[in-house]
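Undergrad: What follows is a single structure, and I will ask about it in a moment.
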Amino acid sequence: MTPTLHLGQTLSFDANPFEAGIAAARHQRHGGLVVDGGRILAIGAGDAMRAAYPAADTVDHGAGLIVPGFVDAHAHYPQTAMIASWGKRLIDWLNDYTFPEEMRFADPGYARDIAGRYLDLLLAHGTTTVCSFCTIHPDSVDALFEAAEARGMRVFAGKTCMDRDTAPAGLRDTAQSAYDDSAALLARWHGRGRASYVITPRFSPTSTPGQLQALGALWAEHPDCLMQTHLSEQVDETAWVKSLYPDARDYLDTYESHGLLGAGGLYGHAIHLEPRERDRLREVGAGLVHCPTSNTFIGSGLFDMDGLMREGQRIGLATDTGGGSSFSMLRTMAAAYEIAQLRHRALHGSELLWLATQGSARALRCDHLTGNLAPGLEADFTVLDLASTPAIAQRSTRADDIWETLFATIMMGDDRAIASTWVGGRKAGPVMQKAGERK
């Protein structure tokens, strides 16, 4: 197979910029990325790559910036159609919008339609990997993995499990069916191509202790799987958990005491953490997932990015659609910057891009596969147009370096900034840009 040489600006990471600063990032103004067989073969100066691979097919992206494909570490694909629903706190928002929409996924055809639409939206926004909750319906899991397989995407997903009467009757399973359905889906999908099954209790308020125990047992039987849930998103939610689990030391203990705390655990939001919880999450190496547009949209609070990073926590970034108000990881980076500013920390562009790529891949335990531009990794990358709108273009003319240029796109960019998205070395398509329009 003939390699392909992609020419353009390139931006990759040698280390974590939260620890190593700007020097962690490697920028080539005239760079080259060589792809062969769906993987990255080499990266370096464009002229050097051309000389080393003279027979390679060439794709010239001009002044486009080649970055790792974005990695969305926490999302709810079934909420695609009801994203940006008005004005509720978490519990009301779930009851009024989320749960009625998720009931529609009892129809496999509806699940397939939304799954395809959702993944096309991600690709249009430069996202190549996602970790998503499904619904209680096993067909909703099949629909997402089938759509991902057709597009060649790396997707992490699992059946959402809820058996407590705090969830509506149409969305409840049982401890046994949660175990059985999850085990069957795991056997069918985990490790098939680029699919990874994730054990998925929605959160403690919608699961009985028996269900949490059953899912903890399943995780112990399959420790190579990830487990995803929610933790300490809102103050009133945390109080609700304490009322439902009066013997628990804290919110995290409702998971820990049932075998649902570990290195492969993903805990969405994690805003209102107590000291013991922070200590235990760091000790086990769990992943915390920051969902900034969701946190502001639903009024949840301000994630402590600086403090948690300095503690040595493993942190990823996510849209949390549809609690989050955008499918765009660019908009998510911008919101992360704004929240950090409110906590008196200005995140650098290198830190924001790292969070949206290698940082999220690290939280998902797949940074050895994707999330960066390096030899041996899967060839998932996005090409950014750094002058995609007149406002961004005029700001870019005044930029002194790549970081000022990129920052304008982070703060003001959207799907128009995505010149192209590449999955496994192939250009993604068809990609939905607007309703009824394809490129």
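Please note that chains go A, B, ... in the order of the structure tokens, that every chain numbers its residues from 1, and that ligands are numbered from 1 in the order shown.
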Give me, as a PyMOL selection string, all polymer residues having an atom no more than 8 Å from Gly324 (chain A), counting only C-alpha atoms and skipping those fewer than 3 positions away in the same chain.

TA: chain A and resi 83-84+291-295+297+319-321+327

Undergrad: Just asking: which residues within region 9-176 of chain A are strand (DSSP E or B) according to DSSP, as a ChimeraX atom specification?

TA: /A:9-13,25-36,39-45,57-68,70-76,127-133,154-158,160-161

Undergrad: So that I can check the surroundings of region 353-358 of chain A, please list as a PDB file with N, CA, C and O atoms, in the first residue's frame every protein, DNA and RNA residue that reaches within 10 Å of it, counting only C-alpha atoms and ignoring chain neighbours fewer than 3 positions away.

TA:
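Generated file (around-v6.pdb):
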ATOM      1  N   LEU A  11       0.873  20.031  14.699  1.00  0.00           N
ATOM      2  CA  LEU A  11       0.984  20.326  16.124  1.00  0.00           C
ATOM      3  C   LEU A  11       0.734  19.046  16.904  1.00  0.00           C
ATOM      4  O   LEU A  11      -0.333  18.437  16.799  1.00  0.00           O
ATOM      5  N   SER A  12       1.745  18.618  17.651  1.00  0.00           N
ATOM      6  CA  SER A  12       1.654  17.371  18.419  1.00  0.00           C
ATOM      7  C   SER A  12       2.257  17.597  19.798  1.00  0.00           C
ATOM      8  O   SER A  12       2.734  18.691  20.117  1.00  0.00           O
ATOM      9  N   PHE A  13       2.234  16.560  20.623  1.00  0.00           N
ATOM     10  CA  PHE A  13       2.685  16.691  22.008  1.00  0.00           C
ATOM     11  C   PHE A  13       3.763  15.670  22.344  1.00  0.00           C
ATOM     12  O   PHE A  13       3.647  14.495  22.014  1.00  0.00           O
ATOM     13  N   ALA A  15       4.783  15.815  25.691  1.00  0.00           N
ATOM     14  CA  ALA A  15       4.534  15.669  27.124  1.00  0.00           C
ATOM     15  C   ALA A  15       3.247  16.398  27.472  1.00  0.00           C
ATOM     16  O   ALA A  15       2.591  16.993  26.611  1.00  0.00           O
ATOM     17  N   ASN A  16       2.882  16.372  28.742  1.00  0.00           N
ATOM     18  CA  ASN A  16       1.712  17.059  29.259  1.00  0.00           C
ATOM     19  C   ASN A  16       2.060  18.528  29.498  1.00  0.00           C
ATOM     20  O   ASN A  16       2.910  18.837  30.336  1.00  0.00           O
ATOM     21  N   PRO A  17       1.441  19.481  28.793  1.00  0.00           N
ATOM     22  CA  PRO A  17       1.799  20.887  28.975  1.00  0.00           C
ATOM     23  C   PRO A  17       1.453  21.442  30.353  1.00  0.00           C
ATOM     24  O   PRO A  17       2.009  22.468  30.760  1.00  0.00           O
ATOM     25  N   PHE A  18       0.551  20.789  31.083  1.00  0.00           N
ATOM     26  CA  PHE A  18       0.295  21.214  32.455  1.00  0.00           C
ATOM     27  C   PHE A  18       1.531  20.990  33.331  1.00  0.00           C
ATOM     28  O   PHE A  18       1.705  21.650  34.345  1.00  0.00           O
ATOM     29  N   ALA A  24       6.098  21.317  25.836  1.00  0.00           N
ATOM     30  CA  ALA A  24       5.506  19.985  25.642  1.00  0.00           C
ATOM     31  C   ALA A  24       4.950  19.810  24.242  1.00  0.00           C
ATOM     32  O   ALA A  24       4.780  18.688  23.775  1.00  0.00           O
ATOM     33  N   ALA A  25       4.650  20.924  23.562  1.00  0.00           N
ATOM     34  CA  ALA A  25       4.045  20.862  22.234  1.00  0.00           C
ATOM     35  C   ALA A  25       5.095  21.072  21.160  1.00  0.00           C
ATOM     36  O   ALA A  25       6.044  21.844  21.331  1.00  0.00           O
ATOM     37  N   VAL A  67      -3.914  18.656  13.515  1.00  0.00           N
ATOM     38  CA  VAL A  67      -3.878  18.355  14.951  1.00  0.00           C
ATOM     39  C   VAL A  67      -4.474  16.968  15.166  1.00  0.00           C
ATOM     40  O   VAL A  67      -5.165  16.432  14.294  1.00  0.00           O
ATOM     41  N   PRO A  68      -4.229  16.358  16.316  1.00  0.00           N
ATOM     42  CA  PRO A  68      -4.900  15.085  16.593  1.00  0.00           C
ATOM     43  C   PRO A  68      -6.414  15.255  16.533  1.00  0.00           C
ATOM     44  O   PRO A  68      -6.950  16.323  16.873  1.00  0.00           O
ATOM     45  N   GLY A  69      -7.109  14.216  16.108  1.00  0.00           N
ATOM     46  CA  GLY A  69      -8.571  14.263  16.150  1.00  0.00           C
ATOM     47  C   GLY A  69      -9.039  14.468  17.580  1.00  0.00           C
ATOM     48  O   GLY A  69      -8.453  13.941  18.537  1.00  0.00           O
ATOM     49  N   PHE A  70     -10.099  15.242  17.752  1.00  0.00           N
ATOM     50  CA  PHE A  70     -10.588  15.528  19.095  1.00  0.00           C
ATOM     51  C   PHE A  70     -11.181  14.268  19.729  1.00  0.00           C
ATOM     52  O   PHE A  70     -11.773  13.424  19.050  1.00  0.00           O
ATOM     53  N   VAL A  71     -11.024  14.170  21.038  1.00  0.00           N
ATOM     54  CA  VAL A  71     -11.499  13.016  21.806  1.00  0.00           C
ATOM     55  C   VAL A  71     -12.488  13.531  22.850  1.00  0.00           C
ATOM     56  O   VAL A  71     -12.113  14.271  23.767  1.00  0.00           O
ATOM     57  N   ASP A  72     -13.743  13.167  22.709  1.00  0.00           N
ATOM     58  CA  ASP A  72     -14.819  13.598  23.604  1.00  0.00           C
ATOM     59  C   ASP A  72     -15.035  12.506  24.643  1.00  0.00           C
ATOM     60  O   ASP A  72     -15.522  11.422  24.325  1.00  0.00           O
ATOM     61  N   ALA A  73     -14.691  12.792  25.893  1.00  0.00           N
ATOM     62  CA  ALA A  73     -14.603  11.737  26.904  1.00  0.00           C
ATOM     63  C   ALA A  73     -15.894  11.472  27.668  1.00  0.00           C
ATOM     64  O   ALA A  73     -15.922  10.577  28.528  1.00  0.00           O
ATOM     65  N   THR A 127     -14.257  15.713  15.743  1.00  0.00           N
ATOM     66  CA  THR A 127     -14.127  14.694  16.792  1.00  0.00           C
ATOM     67  C   THR A 127     -14.067  13.314  16.155  1.00  0.00           C
ATOM     68  O   THR A 127     -14.951  12.941  15.380  1.00  0.00           O
ATOM     69  N   THR A 128     -13.038  12.559  16.514  1.00  0.00           N
ATOM     70  CA  THR A 128     -12.833  11.234  15.917  1.00  0.00           C
ATOM     71  C   THR A 128     -13.035  10.095  16.914  1.00  0.00           C
ATOM     72  O   THR A 128     -13.171   8.945  16.506  1.00  0.00           O
ATOM     73  N   THR A 129     -13.044  10.399  18.210  1.00  0.00           N
ATOM     74  CA  THR A 129     -13.244   9.388  19.253  1.00  0.00           C
ATOM     75  C   THR A 129     -14.218   9.941  20.283  1.00  0.00           C
ATOM     76  O   THR A 129     -14.134  11.115  20.661  1.00  0.00           O
ATOM     77  N   VAL A 289     -13.784  13.781  34.274  1.00  0.00           N
ATOM     78  CA  VAL A 289     -14.105  14.354  32.968  1.00  0.00           C
ATOM     79  C   VAL A 289     -14.802  15.697  33.152  1.00  0.00           C
ATOM     80  O   VAL A 289     -15.900  15.766  33.724  1.00  0.00           O
ATOM     81  N   HIS A 290     -14.138  16.740  32.671  1.00  0.00           N
ATOM     82  CA  HIS A 290     -14.643  18.110  32.758  1.00  0.00           C
ATOM     83  C   HIS A 290     -15.599  18.366  31.599  1.00  0.00           C
ATOM     84  O   HIS A 290     -15.234  18.150  30.437  1.00  0.00           O
ATOM     85  N   ILE A 315      -7.353  13.874  33.959  1.00  0.00           N
ATOM     86  CA  ILE A 315      -8.514  14.679  33.566  1.00  0.00           C
ATOM     87  C   ILE A 315      -8.693  14.673  32.056  1.00  0.00           C
ATOM     88  O   ILE A 315      -7.745  14.870  31.297  1.00  0.00           O
ATOM     89  N   GLY A 316      -9.941  14.469  31.635  1.00  0.00           N
ATOM     90  CA  GLY A 316     -10.306  14.588  30.234  1.00  0.00           C
ATOM     91  C   GLY A 316     -11.323  15.700  30.047  1.00  0.00           C
ATOM     92  O   GLY A 316     -11.812  16.295  31.018  1.00  0.00           O
ATOM     93  N   LEU A 317     -11.652  15.981  28.800  1.00  0.00           N
ATOM     94  CA  LEU A 317     -12.563  17.064  28.447  1.00  0.00           C
ATOM     95  C   LEU A 317     -13.704  16.498  27.612  1.00  0.00           C
ATOM     96  O   LEU A 317     -13.500  15.559  26.829  1.00  0.00           O
ATOM     97  N   ALA A 318     -14.902  17.083  27.760  1.00  0.00           N
ATOM     98  CA  ALA A 318     -16.060  16.495  27.083  1.00  0.00           C
ATOM     99  C   ALA A 318     -17.150  17.521  26.822  1.00  0.00           C
ATOM    100  O   ALA A 318     -17.297  18.501  27.549  1.00  0.00           O
ATOM    101  N   THR A 319     -17.958  17.231  25.796  1.00  0.00           N
ATOM    102  CA  THR A 319     -19.103  18.072  25.480  1.00  0.00           C
ATOM    103  C   THR A 319     -20.286  17.812  26.402  1.00  0.00           C
ATOM    104  O   THR A 319     -21.100  18.700  26.639  1.00  0.00           O
ATOM    105  N   MET A 329     -15.810  20.454  20.154  1.00  0.00           N
ATOM    106  CA  MET A 329     -14.746  20.473  21.157  1.00  0.00           C
ATOM    107  C   MET A 329     -14.008  21.816  21.156  1.00  0.00           C
ATOM    108  O   MET A 329     -13.381  22.174  22.149  1.00  0.00           O
ATOM    109  N   LEU A 330     -14.078  22.566  20.068  1.00  0.00           N
ATOM    110  CA  LEU A 330     -13.544  23.928  20.097  1.00  0.00           C
ATOM    111  C   LEU A 330     -14.339  24.768  21.092  1.00  0.00           C
ATOM    112  O   LEU A 330     -13.756  25.470  21.931  1.00  0.00           O
ATOM    113  N   THR A 332     -16.051  23.662  23.505  1.00  0.00           N
ATOM    114  CA  THR A 332     -15.800  23.077  24.825  1.00  0.00           C
ATOM    115  C   THR A 332     -14.494  23.594  25.402  1.00  0.00           C
ATOM    116  O   THR A 332     -14.407  23.911  26.600  1.00  0.00           O
ATOM    117  N   MET A 333     -13.458  23.686  24.574  1.00  0.00           N
ATOM    118  CA  MET A 333     -12.195  24.269  25.034  1.00  0.00           C
ATOM    119  C   MET A 333     -12.389  25.718  25.469  1.00  0.00           C
ATOM    120  O   MET A 333     -11.841  26.155  26.488  1.00  0.00           O
ATOM    121  N   ALA A 336     -14.003  25.782  28.806  1.00  0.00           N
ATOM    122  CA  ALA A 336     -13.040  25.389  29.843  1.00  0.00           C
ATOM    123  C   ALA A 336     -12.143  26.562  30.209  1.00  0.00           C
ATOM    124  O   ALA A 336     -11.809  26.772  31.387  1.00  0.00           O
ATOM    125  N   HIS A 348      -3.568  27.919  28.991  1.00  0.00           N
ATOM    126  CA  HIS A 348      -2.872  28.208  27.738  1.00  0.00           C
ATOM    127  C   HIS A 348      -3.473  27.371  26.605  1.00  0.00           C
ATOM    128  O   HIS A 348      -4.052  26.301  26.834  1.00  0.00           O
ATOM    129  N   GLY A 349      -3.325  27.849  25.371  1.00  0.00           N
ATOM    130  CA  GLY A 349      -3.833  27.107  24.228  1.00  0.00           C
ATOM    131  C   GLY A 349      -3.296  25.697  24.145  1.00  0.00           C
ATOM    132  O   GLY A 349      -4.009  24.770  23.729  1.00  0.00           O
ATOM    133  N   SER A 350      -2.045  25.499  24.532  1.00  0.00           N
ATOM    134  CA  SER A 350      -1.468  24.151  24.507  1.00  0.00           C
ATOM    135  C   SER A 350      -2.163  23.237  25.508  1.00  0.00           C
ATOM    136  O   SER A 350      -2.385  22.048  25.235  1.00  0.00           O
ATOM    137  N   ALA A 361      -7.773  11.181  25.732  1.00  0.00           N
ATOM    138  CA  ALA A 361      -7.378   9.815  25.399  1.00  0.00           C
ATOM    139  C   ALA A 361      -6.725   9.133  26.599  1.00  0.00           C
ATOM    140  O   ALA A 361      -6.939   7.938  26.848  1.00  0.00           O
ATOM    141  N   ARG A 362      -5.959   9.888  27.350  1.00  0.00           N
ATOM    142  CA  ARG A 362      -5.322   9.343  28.556  1.00  0.00           C
ATOM    143  C   ARG A 362      -6.384   8.961  29.593  1.00  0.00           C
ATOM    144  O   ARG A 362      -6.284   7.915  30.236  1.00  0.00           O
ATOM    145  N   ALA A 363      -7.407   9.816  29.757  1.00  0.00           N
ATOM    146  CA  ALA A 363      -8.484   9.488  30.685  1.00  0.00           C
ATOM    147  C   ALA A 363      -9.209   8.224  30.254  1.00  0.00           C
ATOM    148  O   ALA A 363      -9.642   7.424  31.091  1.00  0.00           O
ATOM    149  N   LEU A 364      -9.337   8.015  28.937  1.00  0.00           N
ATOM    150  CA  LEU A 364      -9.995   6.824  28.399  1.00  0.00           C
ATOM    151  C   LEU A 364      -9.051   5.628  28.282  1.00  0.00           C
ATOM    152  O   LEU A 364      -9.440   4.578  27.757  1.00  0.00           O
ATOM    153  N   CYS A 366      -6.629   5.175  26.291  1.00  0.00           N
ATOM    154  CA  CYS A 366      -6.348   4.784  24.912  1.00  0.00           C
ATOM    155  C   CYS A 366      -5.305   5.698  24.273  1.00  0.00           C
ATOM    156  O   CYS A 366      -5.218   5.778  23.052  1.00  0.00           O
ATOM    157  N   ASP A 367      -4.515   6.394  25.092  1.00  0.00           N
ATOM    158  CA  ASP A 367      -3.512   7.308  24.540  1.00  0.00           C
ATOM    159  C   ASP A 367      -2.373   6.569  23.857  1.00  0.00           C
ATOM    160  O   ASP A 367      -1.581   7.191  23.144  1.00  0.00           O
ATOM    161  N   HIS A 368      -2.295   5.244  24.048  1.00  0.00           N
ATOM    162  CA  HIS A 368      -1.325   4.450  23.297  1.00  0.00           C
ATOM    163  C   HIS A 368      -1.838   4.121  21.899  1.00  0.00           C
ATOM    164  O   HIS A 368      -1.091   3.560  21.088  1.00  0.00           O
ATOM    165  N   THR A 370      -4.476   6.505  20.213  1.00  0.00           N
ATOM    166  CA  THR A 370      -4.942   7.701  19.519  1.00  0.00           C
ATOM    167  C   THR A 370      -4.789   8.906  20.435  1.00  0.00           C
ATOM    168  O   THR A 370      -4.357   8.786  21.581  1.00  0.00           O
ATOM    169  N   GLY A 371      -5.109  10.099  19.914  1.00  0.00           N
ATOM    170  CA  GLY A 371      -5.056  11.309  20.723  1.00  0.00           C
ATOM    171  C   GLY A 371      -3.818  12.158  20.505  1.00  0.00           C
ATOM    172  O   GLY A 371      -3.675  13.202  21.136  1.00  0.00           O
ATOM    173  N   ASN A 372      -2.921  11.741  19.617  1.00  0.00           N
ATOM    174  CA  ASN A 372      -1.702  12.495  19.357  1.00  0.00           C
ATOM    175  C   ASN A 372      -1.264  12.200  17.928  1.00  0.00           C
ATOM    176  O   ASN A 372      -1.821  11.320  17.253  1.00  0.00           O
ATOM    177  N   LEU A 373      -0.272  12.930  17.465  1.00  0.00           N
ATOM    178  CA  LEU A 373       0.347  12.651  16.170  1.00  0.00           C
ATOM    179  C   LEU A 373       1.744  12.107  16.446  1.00  0.00           C
ATOM    180  O   LEU A 373       2.662  12.856  16.780  1.00  0.00           O
ATOM    181  N   PHE A 381      -6.949  12.368  12.677  1.00  0.00           N
ATOM    182  CA  PHE A 381      -6.506  13.762  12.811  1.00  0.00           C
ATOM    183  C   PHE A 381      -7.501  14.697  12.154  1.00  0.00           C
ATOM    184  O   PHE A 381      -8.351  14.292  11.362  1.00  0.00           O
ATOM    185  N   LEU A 406      -4.005  30.012  17.064  1.00  0.00           N
ATOM    186  CA  LEU A 406      -4.891  28.912  17.435  1.00  0.00           C
ATOM    187  C   LEU A 406      -5.917  29.347  18.471  1.00  0.00           C
ATOM    188  O   LEU A 406      -7.075  28.920  18.431  1.00  0.00           O
ATOM    189  N   PHE A 407      -5.509  30.207  19.390  1.00  0.00           N
ATOM    190  CA  PHE A 407      -6.413  30.621  20.456  1.00  0.00           C
ATOM    191  C   PHE A 407      -7.649  31.323  19.883  1.00  0.00           C
ATOM    192  O   PHE A 407      -8.758  31.150  20.385  1.00  0.00           O
ATOM    193  N   ILE A 410      -9.899  28.609  18.816  1.00  0.00           N
ATOM    194  CA  ILE A 410     -10.491  27.951  19.981  1.00  0.00           C
ATOM    195  C   ILE A 410     -11.646  28.783  20.532  1.00  0.00           C
ATOM    196  O   ILE A 410     -12.731  28.262  20.825  1.00  0.00           O
TER     197      ILE A 410
END

Undergrad: Provide the CA of Leu252 (chain A) to CA of Gly191 (chain A) distance in Å, to one decimal place.

TA: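 Pair CA of Leu252 (chain A) / CA of Gly191 (chain A) returns 28.7 Å.
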
Undergrad: If you run DSSP on the backbone here, which positions in region 21-215 of chain A get alpha helix (DSSP H)? Please write them as a PyMOL selection string.

TA: chain A and resi 46-52+90-93+99-103+108-124+138-151+175-189+209-215

Undergrad: Between A:Asp14, A:Asp401, A:Val141, A:His6, which has the minimum distance to Gly32 (chain A) (counting only C-alpha atoms)?

TA: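 Selected residue with least distance to Gly32 (chain A): A:His6.
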